[in-house]
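Peer 1: My structure file input.cif, mmCIF, C-alpha atoms and all ligand atoms, is below:
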```
data_start
#
loop_
_atom_site.label_atom_id
_atom_site.label_comp_id
_atom_site.auth_asym_id
_atom_site.auth_seq_id
_atom_site.Cartn_x
_atom_site.Cartn_y
_atom_site.Cartn_z
CA MET A 232 0.00 0.00 0.00
CA PRO A 233 1.28 3.55 -0.72
CA GLN A 234 2.09 5.64 2.34
CA ILE A 235 0.01 7.24 5.09
CA SER A 236 1.41 10.60 6.20
CA GLU A 237 3.55 10.84 9.34
CA ALA A 238 1.27 13.66 10.56
CA LEU A 239 -1.80 11.43 10.52
CA LYS A 240 0.02 8.39 11.83
CA ALA A 241 0.99 10.54 14.83
CA LEU A 242 -2.60 11.70 15.42
CA LYS A 243 -4.56 9.97 18.21
CA ALA A 244 -8.01 8.58 17.51
CA SER A 245 -10.68 9.90 19.86
CA ALA A 246 -11.04 7.95 23.12
CA THR A 247 -14.69 8.99 23.31
CA VAL A 248 -15.35 7.32 19.98
CA ALA A 249 -13.36 4.23 21.04
CA PHE A 250 -15.40 3.75 24.22
CA ASN A 251 -18.64 4.52 22.41
CA THR A 252 -17.75 1.80 19.91
CA LYS A 253 -17.01 -0.68 22.71
CA ALA A 254 -20.36 0.11 24.35
CA THR A 255 -22.19 -0.19 21.01
CA GLU A 256 -20.58 -3.56 20.28
CA LEU A 257 -21.63 -4.87 23.68
CA LYS A 258 -25.16 -3.58 23.05
CA ARG A 259 -25.26 -5.27 19.65
CA SER A 260 -24.31 -8.57 21.26
CA GLY A 261 -27.57 -8.30 23.24
CA VAL A 262 -26.35 -6.72 26.50
CA ASP A 263 -28.48 -3.88 27.91
CA VAL A 264 -25.79 -1.18 28.25
CA VAL A 265 -26.43 2.24 29.78
CA ALA A 266 -24.19 4.45 27.66
CA MET A 267 -23.08 7.64 29.39
CA THR A 268 -20.37 8.29 26.84
CA ALA A 269 -22.01 10.60 24.32
CA GLY A 270 -21.41 14.32 24.10
CA GLU A 271 -24.74 15.19 22.55
CA PRO A 272 -28.21 16.15 23.79
CA ASP A 273 -30.76 13.34 23.88
CA PHE A 274 -33.58 15.78 23.01
CA GLN A 275 -35.13 16.30 19.59
CA PRO A 276 -34.55 19.82 18.21
CA PRO A 277 -37.26 22.48 18.66
CA GLU A 278 -40.18 22.14 16.24
CA HIS A 279 -39.78 25.61 14.73
CA VAL A 280 -36.23 24.71 13.72
CA ILE A 281 -37.34 21.47 12.09
CA ALA A 282 -40.06 23.45 10.24
CA ALA A 283 -37.40 25.87 8.95
CA ALA A 284 -35.35 22.94 7.63
CA HIS A 285 -38.42 21.68 5.72
CA GLU A 286 -38.91 25.19 4.37
CA ALA A 287 -35.29 25.29 3.18
CA ILE A 288 -35.85 22.09 1.19
CA ASP A 289 -39.17 23.32 -0.20
CA LYS A 290 -37.65 26.62 -1.25
CA GLY A 291 -34.91 24.78 -3.14
CA MET A 292 -31.91 25.98 -1.14
CA THR A 293 -29.70 23.52 -2.93
CA LYS A 294 -26.73 25.66 -3.92
CA TYR A 295 -23.35 26.42 -2.37
CA THR A 296 -23.50 29.36 -0.02
CA PRO A 297 -20.69 31.92 0.36
CA ALA A 298 -17.69 30.27 2.09
CA GLU A 299 -18.23 32.38 5.21
CA GLY A 300 -21.93 31.42 5.46
CA THR A 301 -25.13 33.10 4.28
CA ALA A 302 -25.68 36.78 5.06
CA GLU A 303 -28.93 35.89 6.87
CA LEU A 304 -27.13 33.46 9.21
CA ARG A 305 -24.22 35.80 9.92
CA GLU A 306 -26.64 38.64 10.65
CA ALA A 307 -28.64 36.38 13.00
CA VAL A 308 -25.43 35.37 14.80
CA ALA A 309 -24.35 39.02 15.13
CA GLU A 310 -27.79 39.80 16.59
CA LYS A 311 -27.44 36.89 19.06
CA PHE A 312 -24.13 38.28 20.34
CA ARG A 313 -25.65 41.75 20.67
CA ARG A 314 -28.79 40.51 22.43
CA GLU A 315 -27.32 37.85 24.71
CA ASN A 316 -23.74 38.99 25.31
CA GLY A 317 -23.73 42.75 24.72
CA LEU A 318 -21.05 42.28 22.02
CA THR A 319 -21.09 44.13 18.72
CA TYR A 320 -19.86 42.30 15.62
CA ALA A 321 -20.23 43.26 11.98
CA PRO A 322 -21.36 40.35 9.78
CA ASN A 323 -17.84 40.27 8.22
CA GLN A 324 -16.48 39.42 11.68
CA ILE A 325 -18.55 36.23 11.69
CA SER A 326 -17.97 32.95 9.90
CA ALA A 327 -20.25 29.91 9.77
CA SER A 328 -18.67 26.47 9.56
CA THR A 329 -19.37 22.75 9.71
CA GLY A 330 -19.70 22.70 13.49
CA GLY A 331 -17.80 24.53 16.19
CA LYS A 332 -15.12 21.93 15.58
CA GLN A 333 -14.32 23.37 12.17
CA VAL A 334 -14.36 26.94 13.52
CA LEU A 335 -11.74 25.89 16.03
CA TYR A 336 -9.61 24.10 13.44
CA ASN A 337 -9.80 27.06 11.05
CA GLY A 338 -8.75 29.25 13.98
CA PHE A 339 -5.68 27.20 14.94
CA MET A 340 -4.67 26.92 11.28
CA ALA A 341 -5.04 30.70 10.91
CA VAL A 342 -2.82 31.73 13.83
CA LEU A 343 -0.19 29.04 14.47
CA ASN A 344 3.28 28.66 12.98
CA PRO A 345 5.29 25.48 13.56
CA GLY A 346 6.35 25.15 17.21
CA ASP A 347 3.95 27.82 18.53
CA GLU A 348 2.44 26.99 21.90
CA VAL A 349 -1.20 26.85 22.96
CA ILE A 350 -2.14 26.88 26.65
CA ILE A 351 -5.03 24.54 27.45
CA PRO A 352 -6.51 24.06 30.94
CA ALA A 353 -6.68 20.32 31.74
CA PRO A 354 -8.79 18.16 31.86
CA TYR A 355 -9.60 19.31 28.32
CA TRP A 356 -11.71 18.36 25.34
CA VAL A 357 -9.64 15.88 23.32
CA SER A 358 -9.88 17.76 20.04
CA TYR A 359 -7.86 20.78 21.27
CA PRO A 360 -4.46 19.05 21.40
CA ALA A 361 -5.24 17.03 18.27
CA GLN A 362 -6.07 20.15 16.25
CA VAL A 363 -3.10 22.09 17.65
CA GLN A 364 -0.86 19.19 16.58
CA LEU A 365 -2.37 19.17 13.07
CA ALA A 366 -1.70 22.90 12.80
CA GLY A 367 1.96 22.32 13.72
CA GLY A 368 1.63 23.74 17.23
CA VAL A 369 2.45 22.39 20.67
CA SER A 370 -0.15 22.04 23.46
CA VAL A 371 0.79 23.18 26.94
CA PRO A 372 -1.69 21.75 29.47
CA VAL A 373 -2.27 23.60 32.74
CA THR A 374 -3.61 21.28 35.43
CA THR A 375 -6.82 22.11 37.30
CA ARG A 376 -7.94 20.18 40.37
CA PRO A 377 -11.24 18.57 41.41
CA GLU A 378 -10.99 20.28 44.83
CA ASP A 379 -11.02 23.65 43.00
CA GLY A 380 -14.01 22.54 40.89
CA PHE A 381 -11.58 22.32 37.93
CA ILE A 382 -11.32 26.13 37.77
CA PRO A 383 -7.85 27.16 36.54
CA SER A 384 -5.70 29.52 38.54
CA VAL A 385 -4.69 32.66 36.65
CA GLU A 386 -1.21 32.38 38.21
CA ASP A 387 -0.78 28.82 36.89
CA ILE A 388 -1.72 30.00 33.41
CA GLU A 389 0.68 32.91 33.61
CA ALA A 390 3.47 30.57 34.70
CA ALA A 391 2.92 28.50 31.53
CA ILE A 392 3.40 31.48 29.18
CA THR A 393 6.65 31.45 27.21
CA ALA A 394 8.04 33.41 24.27
CA ARG A 395 6.41 30.80 21.99
CA THR A 396 2.87 31.09 23.42
CA ARG A 397 0.31 32.32 20.90
CA VAL A 398 -3.10 31.21 22.21
CA ILE A 399 -4.88 30.54 25.50
CA VAL A 400 -7.96 28.33 25.24
CA ILE A 401 -10.91 28.97 27.56
CA ASN A 402 -13.77 26.50 27.59
CA SER A 403 -16.50 27.43 30.06
CA PRO A 404 -18.78 25.60 30.68
CA SER A 405 -16.20 22.90 30.11
CA ASN A 406 -16.22 19.57 28.38
CA PRO A 407 -15.29 17.29 30.18
CA THR A 408 -15.51 18.86 33.67
CA GLY A 409 -18.70 20.96 33.47
CA ALA A 410 -16.82 23.78 35.26
CA VAL A 411 -18.12 27.33 34.74
CA TYR A 412 -15.32 29.85 35.24
CA PRO A 413 -16.25 32.76 37.51
CA PRO A 414 -16.19 36.14 35.70
CA GLU A 415 -13.10 37.27 37.64
CA VAL A 416 -11.16 34.24 36.37
CA VAL A 417 -12.19 34.91 32.77
CA ARG A 418 -11.23 38.54 33.26
CA GLY A 419 -7.86 37.56 34.79
CA ILE A 420 -7.03 35.25 31.89
CA SER A 421 -8.14 37.92 29.39
CA GLU A 422 -5.83 40.45 31.03
CA LEU A 423 -2.95 37.99 30.70
CA ALA A 424 -3.69 37.72 27.00
CA GLN A 425 -3.68 41.53 26.68
CA ARG A 426 -0.44 41.88 28.61
CA HIS A 427 1.40 39.15 26.67
CA ASP A 428 -0.21 39.92 23.29
CA LEU A 429 -1.87 36.51 22.86
CA TRP A 430 -5.01 35.21 21.20
CA LEU A 431 -7.87 33.96 23.35
CA PHE A 432 -9.91 31.12 21.91
CA SER A 433 -13.17 31.22 23.87
CA ASP A 434 -15.06 27.99 23.27
CA ASP A 435 -18.57 29.03 24.28
CA LEU A 436 -20.46 26.02 22.86
CA TYR A 437 -22.09 25.26 26.23
CA GLU A 438 -23.04 28.88 27.03
CA HIS A 439 -26.74 28.12 27.40
CA LEU A 440 -26.28 25.13 29.71
CA VAL A 441 -25.40 26.88 32.98
CA TYR A 442 -27.31 25.78 36.10
CA ASP A 443 -25.49 27.76 38.81
CA GLY A 444 -23.07 30.62 38.39
CA GLU A 445 -22.81 33.01 35.49
CA PHE A 446 -21.57 32.59 31.93
CA VAL A 447 -19.25 35.23 30.58
CA SER A 448 -17.32 35.08 27.33
CA ALA A 449 -13.66 36.13 27.20
CA ALA A 450 -14.70 38.46 24.38
CA THR A 451 -16.43 40.64 27.00
CA PHE A 452 -12.99 41.60 28.31
CA ALA A 453 -10.78 41.33 25.23
CA GLN A 454 -12.89 41.37 22.08
CA ASP A 455 -10.00 42.59 19.91
CA ARG A 456 -7.99 39.38 20.50
CA THR A 457 -10.71 36.78 21.07
CA LEU A 458 -12.08 34.18 18.71
CA ILE A 459 -15.45 33.00 19.99
CA ILE A 460 -16.19 29.42 18.99
CA HIS A 461 -19.91 28.78 19.12
CA GLY A 462 -22.62 26.78 17.39
CA ALA A 463 -26.01 25.15 17.28
CA SER A 464 -25.07 21.65 18.45
CA LYS A 465 -25.50 21.76 22.20
CA ALA A 466 -28.11 24.43 22.99
CA TYR A 467 -30.50 23.56 20.15
CA ALA A 468 -29.83 19.80 20.10
CA LEU A 469 -28.59 19.97 16.49
CA THR A 470 -25.31 18.04 16.65
CA GLY A 471 -25.82 16.21 13.37
CA TRP A 472 -26.80 19.29 11.40
CA ARG A 473 -23.23 20.56 11.76
CA ILE A 474 -23.50 24.31 12.13
CA GLY A 475 -20.94 26.28 14.12
CA TYR A 476 -20.00 29.94 14.07
CA GLY A 477 -16.94 31.94 14.94
CA ALA A 478 -16.72 35.62 15.80
CA GLY A 479 -13.53 37.62 15.99
CA PRO A 480 -11.37 40.34 14.47
CA GLN A 481 -11.95 40.71 10.76
CA GLU A 482 -8.39 39.83 9.69
CA LEU A 483 -8.60 36.54 11.58
CA ILE A 484 -12.06 35.69 10.22
CA LYS A 485 -10.84 36.50 6.71
CA ALA A 486 -7.94 34.05 7.04
CA MET A 487 -10.28 31.38 8.38
CA ASN A 488 -12.70 31.95 5.49
CA LYS A 489 -9.85 31.55 3.00
CA LEU A 490 -8.99 28.14 4.46
CA GLN A 491 -12.64 27.05 4.56
CA GLY A 492 -13.14 28.14 0.94
CA GLN A 493 -10.42 25.70 -0.08
CA VAL A 494 -11.37 22.83 2.22
CA THR A 495 -15.17 22.51 2.48
CA SER A 496 -16.51 25.49 0.45
CA SER A 497 -19.19 26.22 3.04
CA ALA A 498 -21.39 24.71 5.72
CA ASN A 499 -24.59 22.93 4.68
CA ALA A 500 -27.07 25.37 3.10
CA LEU A 501 -30.26 23.77 4.49
CA ALA A 502 -28.93 23.65 8.02
CA GLN A 503 -27.72 27.25 7.85
CA HIS A 504 -31.28 28.35 7.02
CA ALA A 505 -32.75 26.25 9.83
CA VAL A 506 -30.33 27.64 12.42
CA VAL A 507 -31.48 31.17 11.55
CA ALA A 508 -34.89 30.16 12.97
CA ALA A 509 -33.22 28.90 16.16
CA LEU A 510 -31.43 32.22 16.56
CA ASN A 511 -34.21 34.58 15.52
CA GLU A 512 -37.37 32.99 16.95
CA VAL A 513 -36.18 34.04 20.35
CA GLU A 514 -39.15 33.15 22.57
CA LYS A 515 -39.66 29.66 21.17
CA THR A 516 -35.98 28.86 21.42
CA ARG A 517 -35.78 30.23 24.95
CA ALA A 518 -38.64 27.95 26.01
CA PHE A 519 -36.81 24.96 24.54
CA ILE A 520 -33.57 25.84 26.31
CA GLU A 521 -35.36 26.33 29.64
CA MET A 522 -37.08 22.95 29.29
CA THR A 523 -33.80 21.13 28.56
CA LYS A 524 -31.89 23.02 31.26
CA GLU A 525 -34.38 22.02 33.90
CA ALA A 526 -34.11 18.38 32.87
CA TYR A 527 -30.28 18.46 32.80
CA LYS A 528 -30.08 20.11 36.21
CA ALA A 529 -32.32 17.49 37.82
CA ARG A 530 -30.24 14.72 36.22
CA ARG A 531 -26.99 16.32 37.34
CA ASP A 532 -28.17 16.44 40.94
CA VAL A 533 -29.22 12.80 40.97
CA LEU A 534 -26.00 11.65 39.28
CA VAL A 535 -23.59 13.68 41.44
CA GLY A 536 -25.45 12.74 44.63
CA GLY A 537 -25.49 9.07 43.66
CA LEU A 538 -21.82 8.82 42.67
CA ASN A 539 -20.63 10.55 45.86
CA ARG A 540 -22.89 8.27 47.94
CA LEU A 541 -21.17 5.28 46.32
CA GLY A 542 -17.74 6.62 47.30
CA LEU A 543 -16.80 7.92 43.84
CA LYS A 544 -15.80 11.52 44.52
CA THR A 545 -17.53 13.86 42.09
CA PRO A 546 -17.57 17.66 42.38
CA THR A 547 -20.84 19.36 41.40
CA PRO A 548 -20.24 21.10 38.07
CA GLN A 549 -22.24 24.22 37.24
CA GLY A 550 -22.75 23.64 33.53
CA ALA A 551 -22.66 21.51 30.34
CA PHE A 552 -23.88 17.91 30.74
CA TYR A 553 -20.83 16.13 32.08
CA VAL A 554 -19.38 15.22 35.44
CA MET A 555 -15.86 14.01 36.19
CA SER A 556 -15.75 11.28 38.76
CA ASP A 557 -12.85 9.73 40.63
CA LEU A 558 -12.84 6.02 39.72
CA THR A 559 -9.76 5.08 41.75
CA PRO A 560 -11.85 3.14 44.33
CA ILE A 561 -12.69 0.80 41.42
CA HIS A 562 -9.16 0.67 39.92
CA LYS A 563 -6.22 3.04 40.06
CA ASP A 564 -5.94 3.01 36.27
CA GLU A 565 -8.91 4.86 34.76
CA THR A 566 -9.05 2.80 31.56
CA GLU A 567 -9.15 -0.41 33.61
CA ALA A 568 -11.83 1.10 35.85
CA ALA A 569 -13.97 2.18 32.88
CA THR A 570 -13.53 -1.25 31.27
CA LEU A 571 -14.64 -2.94 34.51
CA LEU A 572 -17.70 -0.68 34.69
CA LEU A 573 -18.59 -1.47 31.11
CA GLU A 574 -18.04 -5.22 31.29
CA HIS A 575 -19.45 -5.90 34.76
CA ALA A 576 -21.92 -3.07 35.49
CA HIS A 577 -22.80 -2.50 31.80
CA VAL A 578 -22.38 1.23 32.21
CA GLY A 579 -20.36 3.07 29.53
CA VAL A 580 -18.24 6.07 30.56
CA VAL A 581 -15.17 7.71 28.99
CA PRO A 582 -11.88 7.19 30.86
CA GLY A 583 -9.97 10.40 31.58
CA THR A 584 -6.73 9.32 29.88
CA ASP A 585 -7.09 11.50 26.77
CA PHE A 586 -8.61 14.39 28.74
CA ASP A 587 -5.43 14.47 30.86
CA ALA A 588 -7.46 13.38 33.89
CA PRO A 589 -5.72 10.37 35.46
CA GLY A 590 -7.88 8.27 37.78
CA GLN A 591 -11.05 9.96 36.52
CA ALA A 592 -13.81 9.29 34.03
CA ARG A 593 -16.40 11.45 32.33
CA PHE A 594 -20.08 10.61 32.78
CA SER A 595 -22.46 12.33 30.36
CA TYR A 596 -25.95 12.99 31.70
CA ALA A 597 -27.36 13.74 28.27
CA THR A 598 -29.44 10.64 28.80
CA SER A 599 -32.78 9.98 30.53
CA MET A 600 -33.27 10.09 34.31
CA GLU A 601 -34.35 6.47 34.08
CA ASN A 602 -30.98 5.55 32.56
CA ILE A 603 -29.11 7.54 35.21
CA GLU A 604 -30.97 5.76 38.00
CA LYS A 605 -30.36 2.39 36.34
CA ALA A 606 -26.65 3.19 35.98
CA LEU A 607 -26.35 4.13 39.66
CA GLU A 608 -28.09 0.90 40.75
CA ARG A 609 -25.72 -1.12 38.60
CA ILE A 610 -22.62 0.67 39.83
CA GLU A 611 -23.84 0.20 43.40
CA ALA A 612 -24.27 -3.54 42.85
CA PHE A 613 -20.82 -3.73 41.25
CA VAL A 614 -18.99 -1.62 43.83
CA GLY A 615 -20.76 -3.50 46.62
CA ALA A 616 -19.76 -6.83 45.11
CA LYS A 617 -16.16 -5.68 44.78
CA VAL A 618 -15.73 -4.57 48.38
C1 LIG A 701 -15.93 21.81 24.17
C2 LIG A 701 -16.47 21.58 22.82
N1 LIG A 701 -16.19 22.46 21.86
C3 LIG A 701 -16.64 22.31 20.61
C4 LIG A 701 -17.39 21.22 20.26
C5 LIG A 701 -17.82 21.12 18.82
O1 LIG A 701 -19.13 20.88 18.62
P1 LIG A 701 -19.75 20.97 17.14
O2 LIG A 701 -18.66 20.74 16.17
O3 LIG A 701 -20.79 19.93 17.12
O4 LIG A 701 -20.31 22.36 17.03
C6 LIG A 701 -17.69 20.25 21.22
C7 LIG A 701 -18.43 19.02 20.86
O5 LIG A 701 -18.43 18.04 21.54
C8 LIG A 701 -17.23 20.45 22.53
O6 LIG A 701 -17.50 19.57 23.50
#
```
Before anything else, please render the file you have as structure tokens.

Peer 2:
Amino acid sequence: MPQISEALKALKASATVAFNTKATELKRSGVDVVAMTAGEPDFQPPEHVIAAAHEAIDKGMTKYTPAEGTAELREAVAEKFRRENGLTYAPNQISASTGGKQVLYNGFMAVLNPGDEVIIPAPYWVSYPAQVQLAGGVSVPVTTRPEDGFIPSVEDIEAAITARTRVIVINSPSNPTGAVYPPEVVRGISELAQRHDLWLFSDDLYEHLVYDGEFVSAATFAQDRTLIIHGASKAYALTGWRIGYGAGPQELIKAMNKLQGQVTSSANALAQHAVVAALNEVEKTRAFIEMTKEAYKARRDVLVGGLNRLGLKTPTPQGAFYVMSDLTPIHKDETEAATLLLEHAHVGVVPGTDFDAPGQARFSYATSMENIEKALERIEAFVGAKV
């Protein structure tokens, strides 16, 4: 066989996908597995958004759109930032992509030269280091601790800055920890970026899923050096429709659009039209978000309470739909622990290895309360049997 590139041979496959696959295989063999691995809402999207997708088909929106996204979508996104975040962006400071994931990749590709460093609070979402690596950069993780609710210390981030640092990533609410950074922490990190002339990549995908505490984007403090990474996947339950949007300084957005124009041309035209309805039909969308938030919060409380009761230490996160739990009472190696849970308790979770979270695993509560209760009963039976 002809060659596979060194760059792709060196790239790690996603651990989330690997554990999902394991859980799916077990399910297919007839075992009733409770999968708490997925990073996507278990709700159907709001009806008005589905109606807008039908309308897009009926109206024959079958053509390529501009690389940066349709004017109507970029205007709706600009209006969202004005309305919800008090941030002013011109439509040419906004770019729509195939998910927040592509916004992020376009961003890293646009700002990194070989060997440039990117500071990433750990535990982190696995795609950050993978994308930094693909863009020729080097990830510099900064450890956060469960006893601090996985909130980074501004001093620790400052200590990681070198002459090669170009970007600091902020992801609040966080995947995988669910941590919501207090405004003073976001402000402190933003000031560091100002002082050291760095980019801030503010991954705000989970903005709408905050149960306690307050969401604030880094752009509030340093709009001139922040790329907001956002999208429709998490808040509107539209993961498979693949619409994300970035907002930032025009020069940066222009560079990202140039890359996108050569790589994917544009995001999906039908989905772009549908997401305009999610952004513009404010009251209907708000009602949907409130309904899902209430459900997530109730699930979080049951899951965190249950895991702690079983001796698996789990801080209460304020946002997203994940918790990080200490699995060392099951096994000191987190992959072994997650494998034991899957094979013996038939509960699928993602081991912390690739999140840089040794001894821990991520439980997603984007699944029904019934499943969460079933998972806790099974873990209880397993942990009890083990002791
Ligand atoms: C932290 C974080 N950022 C970005 C994304 C990208 O989401 P999407 O590409 O579906 O918009 C995800 C998805 O899991 C995520 O967890």

Peer 1: Would you list the residues that come within 10 Å of ligand LIG 701 (chain A)? Count only C-alpha atoms and all ligand atoms and give the answer as a ChimeraX atom specification.

Peer 2: /A:247,269-271,328-335,355-359,401-409,433-437,460-465,468-476,551-553

Peer 1: Expressed in Å to a single decimal, how great is the separation between atom CA of Val416 of chain A and atom CA of Arg456 of chain A?

Peer 2: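 Separation of atom CA of Val416 of chain A and atom CA of Arg456 of chain A: 17.0 Å.
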
Peer 1: Work out how far apart atom CA of Gly615 of chain A and atom CA of Thr252 of chain A are and give it in Å to one decimal.

Peer 2: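 Distance between the two atoms: 27.4 Å.
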
Peer 1: Hey, can I get the axis-aligned box for segment 513-530 of chain A? All listed atoms, 5 Å padding on each side, centre and edge lengths in Å to one decimal, as lines of an AutoDock Vina configuration file.

Peer 2:
```
center_x = -34.9
center_y = 24.4
center_z = 29.1
size_x = 19.6
size_y = 29.3
size_z = 27.5
```

Peer 1: Just checking: using all atoms listed in the file, which residue out of A:Ser448, A:Gln324, A:Asn344, A:Thr374 ends up closest to Arg397 of chain A?

Peer 2: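 Checking each candidate against Arg397 of chain A, we get A:Asn344 as the closest.
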